[in-house]
Amino acid sequence: MSVSRNPNLGVGATVADIPARSDEDPAGAWRKNLGRTKMALCLPRPDSWWSGPLPSQCPGFVDGKLHSLPMPDLATCSRRSVLDYFDNTWALNELLFSSLIGEEPFYRPPYHDLRHPLVFYYVHPSVLYVSKLRLAGLLDGPINSYFESLFETGVDEMSWDDMSKNVIEWPSLDDCRQYRGEVYRVVHSIIENHPALADGHKPIDQHHPLWALFMGFEHERIHIETSSVLIRELPVHLVAQPDQWPDLPPLEGASPAASSGAERRMPGSDLPVNNFHRIAARTVAVGKPLDFPSYGWDNEYGERRLDVAAFEVSTLLISNGEYWQFVNDGGYHDRENWSETGWRWRSFRNVKWPTFWVPAGPAGSHQYRLRTCFEIIPMQWSWPAVVNFHEATAFCKWKSRTEKPADGQPAQTYRLITEAEHHAMRMEDGLSESAPAEPFNNNLRWGSESPVSGQGERLFPDLFGNAWQWCEDHFNPLDGFKVHRYYDDFSTPCFDGEHQMIMGGSFISTGDEASVWARFHFRPHFFQHAGFRIVRGSSATAGGVVHLRRGQGGPASIVAADSADGGAAASFERAMIHHYGAPELQMPFENGPCEAVNFPQRCADLLTTWSRKLGLSVDRALDVGCAVGGATFRLAETYSRVVGVDISEPFIAAASELKRTHSLRFEAKVEGVLRSEQVAQVPAAAAERALFRQADAGCLPADMVDFDAVLLNGVLDCLPSPGSCLRRMWGGRGIVRSGGLLLVVSTYDWRENRTPREVWLGGTVDEQGRELRSEDGLKKLLAEDFDLLEQRDMPFVEREDGRHFRYSVAQAMVWRRR
């Protein structure tokens, strides 16, 4: 396929700039969709365009512009308020699509070829209403089964070069508009007639059939935002701002020094000052209460309490002016600024500046204008820089590398915020658990981003709205996460380590997306109305604190900060004994199960034995759930490079200290307050080959692919979605390479406070009352891509003190990927 490498091809190009696609190229088939639509697609749209209410007759229409209504309160909403919210949702979407001039922008694929054309997204939200209302029993059958098959499922591209999309002959826009009209009338009738919306109704919760109705509203509002990004990527001559669409905020004009009134195409000295604010350590709670009276997506529910270390964060989002410094300094051309994956993306796309910047001067002059959804305007240097995750992290690395420290001060490092830190910032700014209030730029208050300095007196003016904020976290489920039966694959496919969290919403985020509960995500190369703010001087953690105490000589000692009940310190102590304790410490009694000691090392040895037996490569291995690293270091005695990952920051800190110093003191409880001092030691050669990373086994990082051997020990029954973790092992970007080994070790200790019962691999009964064993569930899941080489029981013992031990027997399965 002939692929354009022009990074700005979509935003400011004319039709002549788009390379012609030959008839031999299946992607060129999109042009055959043209010429079949009869209705007028001029601006402004005639009344016949609207399948629901006219914008001027719609709730939310104020001073000639249509804005978003707030989310309904599901405990008190009236039939009228639900109808108003539906009409507002429907009209906003159709108003957005009324910006497209003629047929071409509906059928033309986006310049990156990674998404369906906009005709799909014009129809798709209405199809979801039908699907979910049928699941809820509110609709007996299909409205148009062909449409509901064709427009049901979108695409979530795996990579920036994943361009294998279906070659589809789409229906005419006349037929699409007719279908939308039929769906509108059906949904409107359900709202008008359903008895549960009568005055004085009971609250609508996740178990109520009408939950599917509100699911349809919020799904359409998500697509208002994502469709607006695709429109922003179209050549500008194919779009125009509808009259009723919210205006842009007041624009920055010419440079004060330019009496001619010429626009300023380079940043001046009057950019907003982006100071850093220190936030003290605190505990934050993440998760939406089940009884909160608004609609929520499945990933919002559950709970997590996190101890957030003190951190310094920029009060403002990074502006176009700040980001220009990175561009002007050659930041896009210096590989040192980019992650390996980010550099591959940048090179493939030949990106030289943010995608919505439009060059406005000679090559190399770094003069730019700005593309909004519908037009190209003078560059707004005080607006947030809209970039993808790769570009945001490249800026952080560039700033860390190039910023000169003040005299006598250490060099600073910069990174993105985490989800937990976003919550800490809310607490610092005095925000309550309610929908973000004015003056945030969300709910279509304006038709674009606005200055990062905001208009209010808040400490963090753009904590919500304006532009989403990229986070360091991968998208992940909260403890107690459960899928909803009306949309069981909304979140779980994205707990894959390949989707980054985004927080706070944008100018066009409405409804649930604009609420404090919203937790969204996108692939790191994906463009959304997203920017970023930065944290100075520390690395991101997922909670937990470790203190290293160094003496005058000998190894350091390590102590985990204790929780109120002593659980954290006890857990850490048990882990150190389990991984590094001498056999006589792990089991001091001759008549005890002495064969059960050194369990992490025995797991590693099982993998290496099979590698040698089959003559396989021993280059790269991965230890998932490595804890304090005993198995990782054992694997590193055989494999050239071994990565250990664990979600616990204290565990990773201990393992990393062992890698650095090769020895570490720890304590073991004898009885009461008595402790014995121990020393963990690892071979220097193994330490050199090992690397430790903090990561969640439920969403392993996207760059973890093609390992020769993977150890998955004791994590499956601790994950909200064990199947998602296992499915990462194979596929085009599988963690286990073809021909590689996978060792799965588990006691199948399923608990509903960690893993929803419906996704357990076993330990339950089916609808016919038959027992389902985890062993069988695991085999069923892996058998299509792996061959089972060995299955055995492996006992292990965990010491609590000198006379209390816990004996368990895990099941181990060695698999080889075909």
# chains A, B, ... in the order shown; residues from 1 in each chain; ligands from 1
$ closest_atom_pairs --of "segment 761-813 of chain A" --to "segment 666-687 of chain A" --cutoff "8 Å" --atoms "only C-alpha atoms" --output "CSV"
residue,atom,partner,partner_atom,distance
A:Glu800,CA,A:Lys669,CA,7.3
A:Asp801,CA,A:Lys669,CA,5.0
A:Gly802,CA,A:Val670,CA,4.7
A:Arg803,CA,A:Val670,CA,7.9
$ write_last_selection --atoms "N, CA, C and O atoms" --output "compact mmCIF listing (two decimals), in the first residue's frame"
# COMPACT_ATOMS: atom_id res chain seq x y z
N GLU A 800 5.84 -17.34 58.51
CA GLU A 800 5.29 -16.17 59.18
C GLU A 800 6.14 -15.78 60.38
O GLU A 800 6.40 -14.61 60.62
N ASP A 801 6.57 -16.76 61.17
CA ASP A 801 7.56 -16.54 62.22
C ASP A 801 8.22 -17.89 62.49
O ASP A 801 8.07 -18.83 61.70
N GLY A 802 8.96 -18.00 63.60
CA GLY A 802 9.74 -19.20 63.85
C GLY A 802 8.94 -20.46 64.03
O GLY A 802 9.50 -21.56 63.95
N ARG A 803 7.62 -20.34 64.28
CA ARG A 803 6.82 -21.54 64.51
C ARG A 803 5.50 -21.56 63.72
O ARG A 803 4.67 -22.43 63.94
$ residues_around --residues "Val308 of chain A" --least-positions-apart "5" --cutoff "7 Å" --atoms "only C-alpha atoms" --output "JSON, numbers by chain"
{"A": [281, 282, 283, 420, 421, 543]}
$ residues_around --residues "segment 292-305 of chain A" --least-positions-apart "3" --cutoff "7 Å" --atoms "only C-alpha atoms" --output "tab-separated table (two decimals) with N, CA, C and O atoms, in the first residue's frame"
chain	number	residue	atom	x	y	z
A	72	PRO	N	-28.30	13.70	33.58
A	72	PRO	CA	-29.48	13.53	34.44
A	72	PRO	C	-29.11	12.88	35.77
A	72	PRO	O	-28.21	12.05	35.85
A	73	ASP	N	-29.82	13.27	36.81
A	73	ASP	CA	-29.73	12.61	38.11
A	73	ASP	C	-30.67	11.41	38.06
A	73	ASP	O	-31.88	11.56	37.96
A	74	LEU	N	-30.12	10.21	38.12
A	74	LEU	CA	-30.93	9.00	37.91
A	74	LEU	C	-31.83	8.69	39.09
A	74	LEU	O	-32.66	7.79	39.00
A	75	ALA	N	-31.69	9.42	40.17
A	75	ALA	CA	-32.60	9.22	41.30
A	75	ALA	C	-33.84	10.11	41.19
A	75	ALA	O	-34.89	9.78	41.73
A	214	PHE	N	-29.46	4.99	29.02
A	214	PHE	CA	-28.44	5.99	29.37
A	214	PHE	C	-27.06	5.57	28.83
A	214	PHE	O	-26.23	6.42	28.53
A	283	THR	N	-3.27	10.26	51.01
A	283	THR	CA	-3.97	9.07	50.53
A	283	THR	C	-5.16	9.50	49.69
A	283	THR	O	-5.92	10.39	50.08
A	284	VAL	N	-5.30	8.90	48.52
A	284	VAL	CA	-6.43	9.23	47.64
A	284	VAL	C	-7.27	7.98	47.44
A	284	VAL	O	-6.78	6.85	47.51
A	285	ALA	N	-8.54	8.20	47.18
A	285	ALA	CA	-9.48	7.11	46.89
A	285	ALA	C	-9.96	7.26	45.45
A	285	ALA	O	-10.37	8.35	45.04
A	286	VAL	N	-9.88	6.20	44.70
A	286	VAL	CA	-10.32	6.19	43.31
A	286	VAL	C	-11.48	5.23	43.18
A	286	VAL	O	-11.43	4.12	43.70
A	287	GLY	N	-12.52	5.63	42.49
A	287	GLY	CA	-13.65	4.74	42.25
A	287	GLY	C	-14.98	5.41	42.54
A	287	GLY	O	-15.11	6.19	43.49
A	288	LYS	N	-15.96	5.11	41.72
A	288	LYS	CA	-17.28	5.70	41.82
A	288	LYS	C	-18.19	4.81	42.67
A	288	LYS	O	-18.29	3.60	42.42
A	289	PRO	N	-18.87	5.36	43.66
A	289	PRO	CA	-19.79	4.54	44.46
A	289	PRO	C	-20.91	3.96	43.59
A	289	PRO	O	-21.41	4.62	42.69
A	477	PRO	N	-8.17	-1.91	35.57
A	477	PRO	CA	-9.40	-2.02	36.34
A	477	PRO	C	-9.17	-1.74	37.82
A	477	PRO	O	-8.10	-2.02	38.36
A	478	LEU	N	-10.17	-1.18	38.47
A	478	LEU	CA	-10.11	-0.98	39.91
A	478	LEU	C	-10.45	-2.29	40.62
A	478	LEU	O	-11.05	-3.20	40.04
A	479	ASP	N	-10.05	-2.37	41.88
A	479	ASP	CA	-10.38	-3.55	42.67
A	479	ASP	C	-11.90	-3.67	42.77
A	479	ASP	O	-12.60	-2.71	43.11
A	480	GLY	N	-12.41	-4.85	42.48
A	480	GLY	CA	-13.85	-5.06	42.49
A	480	GLY	C	-14.51	-4.80	41.15
A	480	GLY	O	-15.74	-4.82	41.04
A	481	PHE	N	-13.70	-4.53	40.12
A	481	PHE	CA	-14.25	-4.27	38.78
A	481	PHE	C	-15.12	-5.43	38.32
A	481	PHE	O	-14.80	-6.60	38.51
A	482	LYS	N	-16.25	-5.09	37.70
A	482	LYS	CA	-17.13	-6.09	37.09
A	482	LYS	C	-17.62	-5.56	35.75
A	482	LYS	O	-17.96	-4.39	35.63
A	483	VAL	N	-17.63	-6.45	34.77
A	483	VAL	CA	-18.20	-6.06	33.49
A	483	VAL	C	-19.71	-5.92	33.63
A	483	VAL	O	-20.32	-6.53	34.50
A	484	HIS	N	-20.30	-5.08	32.78
A	484	HIS	CA	-21.76	-4.96	32.76
A	484	HIS	C	-22.30	-5.81	31.61
A	484	HIS	O	-21.75	-5.78	30.51
A	491	SER	N	-14.52	-2.23	28.36
A	491	SER	CA	-13.22	-1.93	28.96
A	491	SER	C	-12.22	-3.06	28.86
A	491	SER	O	-11.03	-2.83	28.64
A	512	ASP	N	-20.93	11.99	30.96
A	512	ASP	CA	-20.04	11.25	31.85
A	512	ASP	C	-18.58	11.57	31.59
A	512	ASP	O	-17.77	11.59	32.52
A	517	TRP	N	-15.71	11.28	37.62
A	517	TRP	CA	-15.54	9.83	37.68
A	517	TRP	C	-14.91	9.26	36.41
A	517	TRP	O	-14.53	8.09	36.39
A	518	ALA	N	-14.82	10.05	35.36
A	518	ALA	CA	-14.40	9.53	34.05
A	518	ALA	C	-12.98	8.98	34.10
A	518	ALA	O	-12.06	9.63	34.61
A	519	ARG	N	-12.80	7.78	33.56
A	519	ARG	CA	-11.49	7.14	33.41
A	519	ARG	C	-11.42	6.63	31.97
A	519	ARG	O	-12.02	5.61	31.65
$ closest_atom_pairs --of "segment 306-384 of chain A" --to "segment 392-406 of chain A" --cutoff "12 Å" --atoms "only C-alpha atoms" --output "CSV"
residue,atom,partner,partner_atom,distance
A:Leu317,CA,A:Ala392,CA,11.2
A:Ile318,CA,A:Ala392,CA,9.3
A:Ser319,CA,A:Ala392,CA,11.6
A:Asn320,CA,A:Phe395,CA,11.9
A:Glu322,CA,A:Phe395,CA,9.7
A:Tyr323,CA,A:Phe395,CA,7.5
A:Trp324,CA,A:Phe395,CA,10.2
A:Gln325,CA,A:Phe395,CA,9.5
A:Phe326,CA,A:Phe395,CA,6.5
A:Val327,CA,A:Phe395,CA,9.0
A:Asn328,CA,A:Phe395,CA,11.8
A:Asp329,CA,A:Trp398,CA,9.3
A:Gly330,CA,A:Trp398,CA,9.8
A:Gly331,CA,A:Trp398,CA,6.9
A:Tyr332,CA,A:Ala394,CA,8.2
A:His333,CA,A:Ala394,CA,10.7
A:Asp334,CA,A:Trp398,CA,8.9
A:Arg335,CA,A:Ala394,CA,9.2
A:Glu336,CA,A:Trp398,CA,7.9
A:Asn337,CA,A:Ala394,CA,4.9
A:Trp338,CA,A:Ala394,CA,5.0
A:Ser339,CA,A:Ala394,CA,7.4
A:Glu340,CA,A:Ala394,CA,10.8
A:Thr341,CA,A:Ala394,CA,11.2
A:Gly342,CA,A:Ala394,CA,8.0
A:Trp343,CA,A:Ala394,CA,9.2
A:Arg346,CA,A:Ala394,CA,10.5
A:Trp353,CA,A:Phe395,CA,11.7
A:Pro354,CA,A:Ala392,CA,10.2
A:Pro384,CA,A:Ala392,CA,11.7
$ closest_atom_pairs --of "segment 424-472 of chain A" --to "segment 39-63 of chain A" --cutoff "12 Å" --atoms "only C-alpha atoms" --output "tab-separated table"
residue	atom	partner	partner_atom	distance
A:Asn443	CA	A:Gly60	CA	10.7
A:Leu444	CA	A:Gly60	CA	10.5
A:Arg445	CA	A:Val62	CA	11.0
$ closest_residue --among "A:Ala655, A:Thr226, A:Arg185, A:Gly364" --to "His116 of chain A" --atoms "only C-alpha atoms"
A:Thr226
$ residues_around --residues "Leu128 of chain A" --least-positions-apart "6" --cutoff "12 Å" --atoms "only C-alpha atoms" --output "VMD selection string"
chain A and resid 121 to 122 134 to 135 142 to 143 147 to 154 180 183 187 212 to 220 223 486 to 487
$ write_last_selection --atoms "C-alpha atoms" --output "PDB file, in the first residue's frame"
ATOM      1  CA  TYR A 121     -19.484   7.035  12.989  1.00  0.00           C
ATOM      2  CA  TYR A 122     -22.524   8.887  11.675  1.00  0.00           C
ATOM      3  CA  ARG A 134     -32.632  -5.304  22.740  1.00  0.00           C
ATOM      4  CA  LEU A 135     -30.296  -6.771  25.362  1.00  0.00           C
ATOM      5  CA  PRO A 142     -33.903  -5.329  14.888  1.00  0.00           C
ATOM      6  CA  ILE A 143     -34.840  -2.182  13.012  1.00  0.00           C
ATOM      7  CA  PHE A 147     -27.250  -1.832   9.189  1.00  0.00           C
ATOM      8  CA  GLU A 148     -26.964  -3.305  12.659  1.00  0.00           C
ATOM      9  CA  SER A 149     -24.375  -5.759  11.439  1.00  0.00           C
ATOM     10  CA  LEU A 150     -22.458  -3.369   9.187  1.00  0.00           C
ATOM     11  CA  PHE A 151     -22.232  -0.483  11.666  1.00  0.00           C
ATOM     12  CA  GLU A 152     -21.933  -2.428  14.901  1.00  0.00           C
ATOM     13  CA  THR A 153     -18.194  -2.701  15.550  1.00  0.00           C
ATOM     14  CA  GLY A 154     -15.543  -0.067  15.043  1.00  0.00           C
ATOM     15  CA  ARG A 180     -31.153   7.315  12.108  1.00  0.00           C
ATOM     16  CA  VAL A 183     -33.965   4.814  15.602  1.00  0.00           C
ATOM     17  CA  VAL A 187     -35.898   5.654  21.404  1.00  0.00           C
ATOM     18  CA  ALA A 212     -29.213   0.562  28.578  1.00  0.00           C
ATOM     19  CA  LEU A 213     -30.919   3.789  27.513  1.00  0.00           C
ATOM     20  CA  PHE A 214     -28.437   5.987  29.366  1.00  0.00           C
ATOM     21  CA  MET A 215     -25.641   3.778  28.057  1.00  0.00           C
ATOM     22  CA  GLY A 216     -26.766   4.788  24.567  1.00  0.00           C
ATOM     23  CA  PHE A 217     -26.721   8.484  25.493  1.00  0.00           C
ATOM     24  CA  GLU A 218     -23.187   8.370  26.892  1.00  0.00           C
ATOM     25  CA  HIS A 219     -21.880   6.189  24.083  1.00  0.00           C
ATOM     26  CA  GLU A 220     -23.115   8.725  21.525  1.00  0.00           C
ATOM     27  CA  HIS A 223     -18.427   9.479  19.637  1.00  0.00           C
ATOM     28  CA  TYR A 486     -25.121  -4.888  28.441  1.00  0.00           C
ATOM     29  CA  TYR A 487     -21.593  -4.025  27.286  1.00  0.00           C
TER      30      TYR A 487
END
$ select_by_dssp --residues "segment 615-699 of chain A" --states "strand (DSSP E)" --output "MDAnalysis selection string"
chainID A and resid 620:624 641:646 663:671 674:681 690:694
$ closest_residue --among "A:Arg458, A:Arg485, A:Arg31, A:Arg754" --to "Pro209 of chain A" --atoms "only C-alpha atoms"
A:Arg485
$ closest_residue --among "A:Leu463, A:Val119, A:Ile735, A:Val814" --to "Glu94 of chain A" --atoms "only C-alpha atoms"
A:Val119
$ closest_residue --among "A:Glu192, A:Glu182, A:Asp488, A:Asp766" --to "Ser78 of chain A" --atoms "only C-alpha atoms"
A:Glu192
$ select_by_dssp --residues "segment 391-514 of chain A" --states "helix (DSSP H, G or I)" --output "list in words"
Glu391, Ala392, Thr393, Ala394, Phe395, Cys396, Lys397, Trp398, Lys399, Ser400, Arg401, Thr402, Glu419, Ala420, Glu421, His422, His423, Ala424, Met425, Arg426, Met427, Glu428, Thr492, Pro493, Cys494, Gly511, Asp512, Glu513 and Ala514 of chain A
$ residues_around --residues "segment 615-627 of chain A" --least-positions-apart "6" --cutoff "9 Å" --atoms "only C-alpha atoms" --output "PyMOL selection string"
chain A and resi 575-576+579+600+604+608+635-636+638-648+650-652+655+692+695-697+700+704+706-715+735+739-741
